[in-house]
Structure formats: structure tokens, C-alpha cells
Amino acid sequence: MVVKVKNLVKRYGNLVALDHLSLSIEEGEIFGLLGPNSSGKTTAINCILSLLKYDKGEIEIFGKPMSPESYDIKRNIGIVMQNVAVYNELTVYENVNYFCGLYIQDSSTRKKLVDEAIEFVGLQDFTRFYPKKLSGGLLRRLNIACGIAHKPKLIILDEPTVAVDPQSRNRILEGIMELNRQGATVIYTSHYMEEVEQICSRIMILDAGRAIATGTKDELKSMISLGEKITVESYFVSQEQVEKLQRLPNVVSVEYKDHHLVIKSGRGFNNLEAVLDFIRRENIEFGKIYSELPTLNDVFLEITGKNLRD
Amino acid sequence: MFAQIFINRLKCLLRDRETVFWTVAFPLVLSVFFNLAFSNLDKSETFNPVNVAVVNDENYQNNIFFKAALNEVSKGDDRLFNLMEVTEEEAERLLSSNSIDGYITVGSSLKLIVGKSGINQNIIKSFIDNYLHTFSTVNNILVKNPAGSRALFENLSQRVSYTREVSPSSAAPNNVLNYFYTLIAMACFYGCFWGMREITDIQADLSSLAARINTAPVHKMKAFIYSLCASLLIHLVEMAILLSFLRFVLNVDFGSRTGYVILTVILGSIAGLSFGAFVSALVKKSEGFKIGIMIGATMIGSFLAGMMYQNMKYIVAKKVPLLSYLNPVNLLTDAFYCLYYYDTLKRYAINMGLLTIFIIVFWTGTYLVIRRRKYASI
């Protein structure tokens, strides 16, 4: 077990930021902490890193209790903070070298690691640049390079793609998967469900400091009743037709709004064919029709009654 | 680890142009302005001989006592008058052109002609009054007691002062020095900006950077001390530049006790750094708010130490003496002046002792706040 958290409680006055949170992360996993803003993701990370005091609970990393003085544990952890944490007065190279130097004393080893990290995030052409001269995406990449240069066994990335352009985001996500392939265990927090779905092997969904579901993305999706969402673009659908649709086998709900007919069905049947038959029978004119499998947002919506990005 | 943190910290701090400006360039620029503004202040205090003419006629030549007295006070470097012996017409012309402050005619009585009233005219009049008073006294004694003439002339030649001025110093009082000393004290306390930055970069609840450092396998206090060494070194070099500039370019006199002057600057720099660290650690507000507090406190301290109005230092010392001892900027200023002016080190030692107490208080307060490794909130 790389990380084990048991019954973690963190309060800010009357506000319960973490409510008996428990999690365990195995070696080699990319573990995603997914939740809306203020759901407790960063608080959980800061507690795990022993930056924050907590009211109750136990935290173990690499099988040992974590504390601010656990330097042997910290030596094997790489941190990528939510806010970019680099020195504006140091160049890209100097920044990576500085942070790597907090972990690696030998200068020749460090130089090799720094060069590798810079190459890994694709900042070779910017080594003499100061952070203020970098774009948002490049700055995030520098932030990552500073966190991973010492080749840690556990990498914690707290919303590393916030305010990043799609190109840099893809590069960052590919990089994280590559680090994982190289043997690192990763904890990844985000409120972007697509990212978490894309890279995480196991996901914990947080809401208001509580873990509401944990599992692989398929396990999470199987927890809800929704099996398929069919959307039909049509100029007119009568209320009577909507009611008839609701009576079709396996249909969970039907909604017609802004010329979009959304039919949510349970799992297990060929739902699209049944809907198409109905449309033909009722002579409903339509532009497009498409079917989607449930997303993590649907999981979140069904469990909490609200959207991830509410 | 020390070298790794120390060297990178030096790079970081030296490239922080804003702080470098306030801690070294600003005091240098201010010292140049001070020099321009105050360079003539001492000159206005020095006495310039009064330009006076005497009508050089037969009466003057015959009045040998007055002529001798006038010539006596018109020679040497510390002379009272720049004397010109001229005709009455020439004297009138010189007076009209303001080349002289007045002229004297010798007749049955001494007569002073001036164009206007003023200090110089009063000086000439006082001289004449004094001469006439002495002449009259001597005349009376000689008439009433001719036998005592020898003793009289011996006494006249030996003017005795019945009070004695005791100076605590071999140095001359200097009105301008205090301005420069307050400037150095202010510059020492501008080290607070470095102190503030050190705290901001090590307290995880103040910056993301500090939070990041706190997750590294480095002892927090050690990392802080290593960084602080870089800040102190930079501040000391800045103060050395300022001190050298004042001493060798602007010729500001610090007296002969160079070692103590350097010791004072070192203690002052530590005090400034510790003040910034203390404020930054204690005040849980924005960086702008903290800077406001530090600049405000330093400027008020400098004002009370006499930076903008020299007499303020003495007003405070007289009216609220306790405030003089509670103002670290004043303690530093006074320490420099003690080194320049006083022969003994007693007052200097008191100032340094109190400053050391301030440093201990600042560092203790800072330590109590930053020793925490875990935070209630970030």
C-alpha cells in the first residue's frame, strides 16, 4: 500500500472539510480524486502531505505514519501544487535545479535528472526563460518538472491543468501516464471528469468532504441506473408523444427542451432501436440523433442530485 | 544543502529588483538629496567677518586707542571686521553699493553710519559701545586712582572668563550629521523587506511556494536560516555600499571608531531584518498591508529620530524620553552620533543594548510563530 488514509476528519470551525475520509492507494495506480470546487480534494492532499493539521484520522505513506518530520517519506514524494509554485527570479533551468536539489545532493546526478525533467515536459527551448515570460501552459509544465525531477515513487498532482490550453493539457496528461508507466504511483485531483476518466485507473468522487463513490470508471458507472442517453434534435415533439415515449420499455426519463429530446434509458436493452422505431411510427422529423454512455457527471448527478460543475 | 539553498537564494534575492531598489538605491539617492540640501547648513552657522570702513582722517589718526582697538579686532583668521580705511566720500559710496555694512567717523565722539539695521550693524555698534565703555572705565580709574594704572593695564590685557565650557567630546558639534545618521538607520530598517520575504517564502500558509518547500525533505528551520543568511549577506553588502558612499563620496564624518560603526551597522541590519520577519510572521494580512506597516513604522521612527526635522529628536528626548528608547531607529541614529561625538562609549552601549533587546524580542516572536510545521489552514 502506497497511501492509506483512515477516517480523516478536518474541520474549519463549524465547516467539516473532510468527513471521515478513508482511502487506500496501491502501488502503480493513477488514483483520481474527482469533485467540484470546495469538495475537499486539496484539503485531503494537504493533510496527506502533513501541511494541514487535522482533527482525527490516520495517514500512512509507504507503510509509515506521515508527519512533517518524515523526511525519508518526503524524499520519495513529488508534489505539483494547484497554484504554480516556482521562483519568478530563477530561470526555468534554475527552478528545476533548485527543487531537485532539495532532494538530490549529488550535483552530477542532479544535472542529469534536471535535463531529463526539462525534456520530459518539453521545455528544452525555454531553459533560460524566466517564469513570467512563459505562457500559462508552459508555466504549468515547469511546475510539473519541478515536482517530478527527482524521480519520486509517489507523485501528487493537484489540479495541474487548471487554466491550461488543450494542447498543453494533452501533453500534461500524456506525461502523467508516462510517469505511471515508468513506475510512479500517481494521485491526481481534478474537477474535470474527462481528464479523470482518461487517465485514472481508480477514482474517488468527493462531495462536501465525503467520499461518495470509489472504483474504476466502469464500476462507478455501473453503480447508477442510467445505461444510455439518447438525444434527438427535432423542431416539434408533442406532449402526448413525450408521454408515449416515457411508457416505452426500459425508459427512465424523457425531457423535451430547446428542440432537444433527451431520453434516458436503463442498461441492458437495445434502447436506440426502440426509440428509432417510435420516431418512425410517430413521423417525428429530426435532424440528428445520437447516443451516449453515462459519464462520471451522470454518476455524480444521480448520487448527489447536482452537476459536477454546479 | 546549505550551499544549494544559499546560492539559489542569493540569485533570487539579487534579481528581486524592487526590493533591491528600496533597500540600496533609494537610500543612496536620498543621501545625495540630503547632501544637496544640507551642505550649506553648517556654512550658515559659521561667522563671517563684518565689512566695515573707518573714515581715515586726522581725528582717526590721532585717536590712537580707538585705532589700535579697531586694528586688533580686524586681523587674524578669527577677525571680527574686514576693515577698510577710506575717505568719507569713498565710505559713503561703499555703503550705497552695500559693499560695507557701515562706516565709522571719529570726531569728538564716535559715530556709526549704517544703511539699514541688521545683525552685522549691531555687531559694529556693540564693538563701539564696548570700546566706549572700557575707555570710560579706564579714564575714571586713572583720574581717581593714578597709582593703580599699572595693575589696571595688566588686568585689561588679561580678560578672564568666570565660567568654563566643558565639552564631552573632542569632536565639533555638527548639525548635518544627524540627518545622515537617521538615513543609515532607516536603510538598516529597510532590511525589513528581506525579512518579510524570508517569512513569506517559508510559511506554508502565506504562499504556495512556501507550501511547496515545506513538502521537501528539508528541516523547515534549517531552510529558513540558510535563506536568511543570504538575505543578511545581501543587506550587509548594501549597507557597506551606502556607508562607503557616505564616507568617501559625500565625506560624512563618522568619527574615528570605524570598528564600532561597522558593528552598529551589522546590528542595525539584523534589527531591520528581524523587524520585517516579525511583522510578516505576526500579521495575518496581505503583503501590501504588511509593507504598509513596515514603511509606516520605519518612517515614523525616522521622523522621531530627526530625519525630517532635526530638533524632533531633542523634542522627543525632552518631552517623551521613553519614546527615544522605544524607537529602534532613534537608538541606531543616536549610536552613530555617540560614536562621532562622545569620547566615552557609555551612551553608545546603552543604545546597542536596547537594540539587542529589540532584536531578541523580534526573533523570539518570529520563532514562536514559524516553529509550527502544520497549519490550521492554507
# chains A, B, ... in the order shown; residues from 1 in each chain; ligands from 1

call {"tool": "interface_residues", "arguments": {"of": "chain B", "to": "chain A", "cutoff": "10 Å", "atoms": "only C-alpha atoms", "output": "PDB file with C-alpha atoms, in the first residue's frame"}}
result
ATOM      1  CA  MET B   1      22.191  21.580   1.381  1.00  0.00           C
ATOM      2  CA  GLN B   4      22.220  24.707  -2.582  1.00  0.00           C
ATOM      3  CA  ILE B   5      19.712  26.875  -0.725  1.00  0.00           C
ATOM      4  CA  ILE B   7      23.348  30.216  -3.597  1.00  0.00           C
ATOM      5  CA  ASN B   8      19.919  29.910  -5.198  1.00  0.00           C
ATOM      6  CA  ARG B   9      18.509  32.252  -2.613  1.00  0.00           C
ATOM      7  CA  LYS B  11      20.256  34.624  -7.084  1.00  0.00           C
ATOM      8  CA  CYS B  12      16.568  35.013  -6.255  1.00  0.00           C
ATOM      9  CA  LEU B  13      17.027  37.967  -3.960  1.00  0.00           C
ATOM     10  CA  LEU B  14      19.539  39.815  -6.120  1.00  0.00           C
ATOM     11  CA  ARG B  15      17.142  39.575  -9.071  1.00  0.00           C
ATOM     12  CA  ASP B  16      14.302  40.991  -6.990  1.00  0.00           C
ATOM     13  CA  ARG B  17      14.742  44.472  -8.460  1.00  0.00           C
ATOM     14  CA  ASP B 201       8.738  32.015   1.378  1.00  0.00           C
ATOM     15  CA  ALA B 204       3.097  27.462   4.029  1.00  0.00           C
ATOM     16  CA  ASP B 205       0.020  29.470   5.000  1.00  0.00           C
ATOM     17  CA  SER B 207       2.445  31.312  -0.162  1.00  0.00           C
ATOM     18  CA  SER B 208       2.221  28.298  -2.450  1.00  0.00           C
ATOM     19  CA  LEU B 209       5.978  28.419  -2.831  1.00  0.00           C
ATOM     20  CA  ALA B 210       6.424  28.042   0.914  1.00  0.00           C
ATOM     21  CA  ALA B 211       3.926  25.176   0.965  1.00  0.00           C
ATOM     22  CA  ARG B 212       5.965  23.505  -1.779  1.00  0.00           C
ATOM     23  CA  ILE B 213       9.212  23.970   0.194  1.00  0.00           C
ATOM     24  CA  ASN B 214       7.531  22.532   3.288  1.00  0.00           C
ATOM     25  CA  THR B 215       6.816  19.300   1.430  1.00  0.00           C
ATOM     26  CA  ALA B 216      10.514  18.793   0.624  1.00  0.00           C
ATOM     27  CA  PRO B 217      12.711  16.644   2.856  1.00  0.00           C
ATOM     28  CA  VAL B 218      14.411  19.673   4.410  1.00  0.00           C
ATOM     29  CA  HIS B 219      14.104  20.827   8.012  1.00  0.00           C
ATOM     30  CA  LYS B 220      11.994  23.969   7.924  1.00  0.00           C
ATOM     31  CA  ALA B 223      15.912  26.056   5.271  1.00  0.00           C
ATOM     32  CA  ARG B 372       4.821  25.286  13.584  1.00  0.00           C
ATOM     33  CA  ARG B 373       5.190  22.601  10.960  1.00  0.00           C
ATOM     34  CA  LYS B 374       1.482  22.021  10.402  1.00  0.00           C
ATOM     35  CA  TYR B 375      -1.051  24.719   9.750  1.00  0.00           C
ATOM     36  CA  ALA B 376      -4.685  25.149  10.709  1.00  0.00           C
ATOM     37  CA  SER B 377      -5.435  26.403   7.204  1.00  0.00           C
ATOM     38  CA  ILE B 378      -3.534  27.077   3.994  1.00  0.00           C
TER      39      ILE B 378
END

call {"tool": "atom_distance", "arguments": {"atom1": "atom CA of Gly35 of chain A", "atom2": "atom CA of Ala211 of chain A"}}
result
9.4 Å

call {"tool": "select_by_dssp", "arguments": {"residues": "segment 171-272 of chain A", "states": "helix (DSSP H, G or I)", "output": "ChimeraX atom specification"}}
result
/A:171-181,193-199,217-222,239-246,271-272

call {"tool": "select_by_dssp", "arguments": {"residues": "segment 24-273 of chain B", "states": "strand (DSSP E)", "output": "list of chain:residue names"}}
result
B:Val50, B:Asn51, B:Val52, B:Ala53, B:Val54, B:Val55, B:Phe81, B:Asn82, B:Leu83, B:Met84, B:Glu85, B:Val86, B:Gly102, B:Tyr103, B:Ile104, B:Thr105, B:Val106, B:Leu110, B:Lys111, B:Leu112, B:Ile113, B:Val114

call {"tool": "write_last_selection", "arguments": {"atoms": "N, CA and C atoms", "output": "JSON list (two decimals), in the first residue's frame"}}
result
[["chain", "number", "residue", "atom", "x", "y", "z"],
["B", 50, "VAL", "N", 32.59, 91.07, 9.51],
["B", 50, "VAL", "CA", 31.71, 92.15, 9.05],
["B", 50, "VAL", "C", 32.54, 93.17, 8.26],
["B", 51, "ASN", "N", 32.02, 93.54, 7.11],
["B", 51, "ASN", "CA", 32.73, 94.56, 6.31],
["B", 51, "ASN", "C", 32.43, 95.94, 6.86],
["B", 52, "VAL", "N", 33.48, 96.60, 7.32],
["B", 52, "VAL", "CA", 33.28, 97.92, 7.93],
["B", 52, "VAL", "C", 34.39, 98.88, 7.44],
["B", 53, "ALA", "N", 34.04, 100.13, 7.31],
["B", 53, "ALA", "CA", 35.04, 101.13, 6.90],
["B", 53, "ALA", "C", 35.17, 102.17, 8.01],
["B", 54, "VAL", "N", 36.31, 102.77, 8.08],
["B", 54, "VAL", "CA", 36.52, 103.88, 9.01],
["B", 54, "VAL", "C", 37.06, 105.07, 8.19],
["B", 55, "VAL", "N", 36.52, 106.23, 8.49],
["B", 55, "VAL", "CA", 36.98, 107.41, 7.73],
["B", 55, "VAL", "C", 38.39, 107.76, 8.21],
["B", 81, "PHE", "N", 36.21, 92.12, 12.01],
["B", 81, "PHE", "CA", 35.91, 93.03, 10.89],
["B", 81, "PHE", "C", 36.86, 92.82, 9.71],
["B", 82, "ASN", "N", 36.31, 93.05, 8.51],
["B", 82, "ASN", "CA", 37.16, 93.32, 7.35],
["B", 82, "ASN", "C", 37.21, 94.85, 7.25],
["B", 83, "LEU", "N", 38.32, 95.41, 7.72],
["B", 83, "LEU", "CA", 38.40, 96.87, 7.89],
["B", 83, "LEU", "C", 38.98, 97.55, 6.65],
["B", 84, "MET", "N", 38.33, 98.64, 6.28],
["B", 84, "MET", "CA", 38.86, 99.46, 5.18],
["B", 84, "MET", "C", 39.01, 100.89, 5.70],
["B", 85, "GLU", "N", 40.18, 101.48, 5.51],
["B", 85, "GLU", "CA", 40.40, 102.87, 5.91],
["B", 85, "GLU", "C", 40.26, 103.72, 4.65],
["B", 86, "VAL", "N", 39.22, 104.52, 4.58],
["B", 86, "VAL", "CA", 38.89, 105.24, 3.33],
["B", 86, "VAL", "C", 38.47, 106.68, 3.65],
["B", 102, "GLY", "N", 28.59, 99.30, 7.29],
["B", 102, "GLY", "CA", 28.52, 100.61, 7.93],
["B", 102, "GLY", "C", 29.91, 101.24, 7.96],
["B", 103, "TYR", "N", 29.98, 102.47, 8.30],
["B", 103, "TYR", "CA", 31.30, 103.10, 8.47],
["B", 103, "TYR", "C", 31.30, 103.99, 9.71],
["B", 104, "ILE", "N", 32.53, 104.20, 10.22],
["B", 104, "ILE", "CA", 32.69, 104.91, 11.49],
["B", 104, "ILE", "C", 33.45, 106.22, 11.21],
["B", 105, "THR", "N", 32.98, 107.26, 11.83],
["B", 105, "THR", "CA", 33.74, 108.51, 11.78],
["B", 105, "THR", "C", 34.19, 108.83, 13.20],
["B", 106, "VAL", "N", 35.40, 109.35, 13.30],
["B", 106, "VAL", "CA", 35.97, 109.66, 14.61],
["B", 106, "VAL", "C", 36.03, 111.19, 14.74],
["B", 110, "LEU", "N", 32.48, 109.02, 18.70],
["B", 110, "LEU", "CA", 32.50, 108.03, 17.60],
["B", 110, "LEU", "C", 31.09, 107.95, 17.00],
["B", 111, "LYS", "N", 31.05, 107.94, 15.67],
["B", 111, "LYS", "CA", 29.75, 107.94, 15.02],
["B", 111, "LYS", "C", 29.68, 106.77, 14.02],
["B", 112, "LEU", "N", 28.58, 106.05, 14.10],
["B", 112, "LEU", "CA", 28.40, 104.91, 13.19],
["B", 112, "LEU", "C", 27.31, 105.25, 12.18],
["B", 113, "ILE", "N", 27.66, 105.12, 10.90],
["B", 113, "ILE", "CA", 26.66, 105.37, 9.85],
["B", 113, "ILE", "C", 26.35, 104.03, 9.18],
["B", 114, "VAL", "N", 25.05, 103.65, 9.18],
["B", 114, "VAL", "CA", 24.63, 102.39, 8.54],
["B", 114, "VAL", "C", 23.52, 102.68, 7.53]]

call {"tool": "residues_around", "arguments": {"residues": "segment 200-209 of chain A", "least_positions_apart": "6", "cutoff": "6 Å", "atoms": "only C-alpha atoms", "output": "VMD selection string"}}
result
chain A and resid 17 to 19 30 to 35 39 to 40 215 to 216

call {"tool": "write_last_selection", "arguments": {"atoms": "C-alpha atoms", "output": "PDB file, in the first residue's frame"}}
result
ATOM      1  CA  ALA A  17     -13.969  19.985   5.131  1.00  0.00           C
ATOM      2  CA  LEU A  18     -13.217  16.258   5.334  1.00  0.00           C
ATOM      3  CA  ASP A  19     -15.767  13.936   6.845  1.00  0.00           C
ATOM      4  CA  ILE A  30      -3.258   6.515 -11.022  1.00  0.00           C
ATOM      5  CA  PHE A  31      -5.752   7.407  -8.348  1.00  0.00           C
ATOM      6  CA  GLY A  32      -8.155  10.208  -9.196  1.00  0.00           C
ATOM      7  CA  LEU A  33      -9.815  12.461  -6.665  1.00  0.00           C
ATOM      8  CA  LEU A  34     -12.779  13.931  -8.508  1.00  0.00           C
ATOM      9  CA  GLY A  35     -15.126  16.513  -7.130  1.00  0.00           C
ATOM     10  CA  SER A  39     -15.307  19.329  -2.186  1.00  0.00           C
ATOM     11  CA  GLY A  40     -12.149  18.742  -0.128  1.00  0.00           C
ATOM     12  CA  GLY A 215     -13.885   2.436  -8.030  1.00  0.00           C
ATOM     13  CA  THR A 216     -12.797   2.154 -11.622  1.00  0.00           C
TER      14      THR A 216
END

call {"tool": "closest_residue", "arguments": {"among": "B:Ile123, B:Leu282, B:Leu267, B:Ala25", "to": "Asn351 of chain B", "atoms": "only C-alpha atoms"}}
result
B:Leu267

call {"tool": "atom_distance", "arguments": {"atom1": "atom CA of Phe129 of chain A", "atom2": "atom CA of Leu142 of chain A"}}
result
10.8 Å

call {"tool": "residues_around", "arguments": {"residues": "Ser97 of chain B", "least_positions_apart": "6", "cutoff": "12 Å", "atoms": "only C-alpha atoms", "output": "compact mmCIF listing (two decimals) with N, CA and C atoms, in the first residue's frame"}}
result
# COMPACT_ATOMS: atom_id res chain seq x y z
N GLU B 90 34.37 107.99 -0.10
CA GLU B 90 34.52 106.58 -0.50
C GLU B 90 33.66 105.66 0.40
N ALA B 91 33.67 106.01 1.69
CA ALA B 91 32.86 105.22 2.64
C ALA B 91 31.38 105.30 2.29
N GLY B 115 23.37 101.81 6.59
CA GLY B 115 22.32 101.96 5.58
C GLY B 115 21.01 101.32 6.02

call {"tool": "closest_residue", "arguments": {"among": "A:Leu139, A:Met1, A:Leu293, A:Val121", "to": "Glu178 of chain A", "atoms": "only C-alpha atoms"}}
result
A:Val121

call {"tool": "atom_distance", "arguments": {"atom1": "atom CA of Arg347 of chain B", "atom2": "atom CA of Ser244 of chain B"}}
result
24.9 Å

call {"tool": "closest_residue", "arguments": {"among": "A:Asp165, A:Phe286, A:Ala44, A:Thr295", "to": "Val196 of chain A", "atoms": "only C-alpha atoms"}}
result
A:Thr295

call {"tool": "residues_around", "arguments": {"residues": "segment 326-329 of chain B", "least_positions_apart": "6", "cutoff": "9 Å", "atoms": "only C-alpha atoms", "output": "PDB file with N, CA and C atoms, in the first residue's frame"}}
result
ATOM      1  N   THR B 182      20.311  59.288  10.572  1.00  0.00           N
ATOM      2  CA  THR B 182      18.935  58.746  10.510  1.00  0.00           C
ATOM      3  C   THR B 182      18.721  58.019   9.188  1.00  0.00           C
ATOM      4  N   ALA B 185      20.149  54.651   9.571  1.00  0.00           N
ATOM      5  CA  ALA B 185      19.243  53.862  10.431  1.00  0.00           C
ATOM      6  C   ALA B 185      18.015  53.406   9.637  1.00  0.00           C
ATOM      7  N   MET B 186      17.491  54.329   8.835  1.00  0.00           N
ATOM      8  CA  MET B 186      16.328  53.980   8.010  1.00  0.00           C
ATOM      9  C   MET B 186      16.691  52.861   7.024  1.00  0.00           C
ATOM     10  N   CYS B 188      19.026  50.652   7.338  1.00  0.00           N
ATOM     11  CA  CYS B 188      19.156  49.399   8.111  1.00  0.00           C
ATOM     12  C   CYS B 188      17.773  48.769   8.286  1.00  0.00           C
ATOM     13  N   PHE B 189      16.789  49.595   8.624  1.00  0.00           N
ATOM     14  CA  PHE B 189      15.452  49.065   8.878  1.00  0.00           C
ATOM     15  C   PHE B 189      14.705  48.717   7.605  1.00  0.00           C
ATOM     16  N   GLY B 268      22.250  46.922  13.317  1.00  0.00           N
ATOM     17  CA  GLY B 268      21.103  47.620  12.718  1.00  0.00           C
ATOM     18  C   GLY B 268      20.480  46.797  11.605  1.00  0.00           C
ATOM     19  N   ALA B 271      18.631  43.991  13.052  1.00  0.00           N
ATOM     20  CA  ALA B 271      17.383  44.509  13.644  1.00  0.00           C
ATOM     21  C   ALA B 271      16.335  44.738  12.546  1.00  0.00           C
ATOM     22  N   THR B 298       8.837  52.473  10.031  1.00  0.00           N
ATOM     23  CA  THR B 298      10.207  52.958   9.803  1.00  0.00           C
ATOM     24  C   THR B 298      10.222  54.476   9.604  1.00  0.00           C
ATOM     25  N   GLY B 301       9.492  56.213  12.866  1.00  0.00           N
ATOM     26  CA  GLY B 301      10.712  56.107  13.680  1.00  0.00           C
ATOM     27  C   GLY B 301      11.781  57.074  13.212  1.00  0.00           C
ATOM     28  N   SER B 302      11.938  57.181  11.893  1.00  0.00           N
ATOM     29  CA  SER B 302      12.954  58.085  11.330  1.00  0.00           C
ATOM     30  C   SER B 302      12.592  59.538  11.619  1.00  0.00           C
ATOM     31  N   LEU B 304      10.818  60.675  14.140  1.00  0.00           N
ATOM     32  CA  LEU B 304      11.043  60.957  15.562  1.00  0.00           C
ATOM     33  C   LEU B 304      12.535  60.996  15.900  1.00  0.00           C
ATOM     34  N   ALA B 305      13.340  60.357  15.049  1.00  0.00           N
ATOM     35  CA  ALA B 305      14.799  60.378  15.272  1.00  0.00           C
ATOM     36  C   ALA B 305      15.418  61.620  14.640  1.00  0.00           C
ATOM     37  N   ASN B 351      22.506  52.304  23.987  1.00  0.00           N
ATOM     38  CA  ASN B 351      21.752  52.208  22.720  1.00  0.00           C
ATOM     39  C   ASN B 351      21.847  50.810  22.112  1.00  0.00           C
ATOM     40  N   LEU B 354      19.880  48.205  24.144  1.00  0.00           N
ATOM     41  CA  LEU B 354      18.430  48.264  23.890  1.00  0.00           C
ATOM     42  C   LEU B 354      18.087  47.704  22.513  1.00  0.00           C
ATOM     43  N   LEU B 355      18.940  48.002  21.537  1.00  0.00           N
ATOM     44  CA  LEU B 355      18.693  47.485  20.181  1.00  0.00           C
ATOM     45  C   LEU B 355      18.768  45.949  20.180  1.00  0.00           C
ATOM     46  N   PHE B 358      15.610  44.574  21.385  1.00  0.00           N
ATOM     47  CA  PHE B 358      14.619  44.597  20.305  1.00  0.00           C
ATOM     48  C   PHE B 358      14.813  43.390  19.379  1.00  0.00           C
TER      49      PHE B 358
END
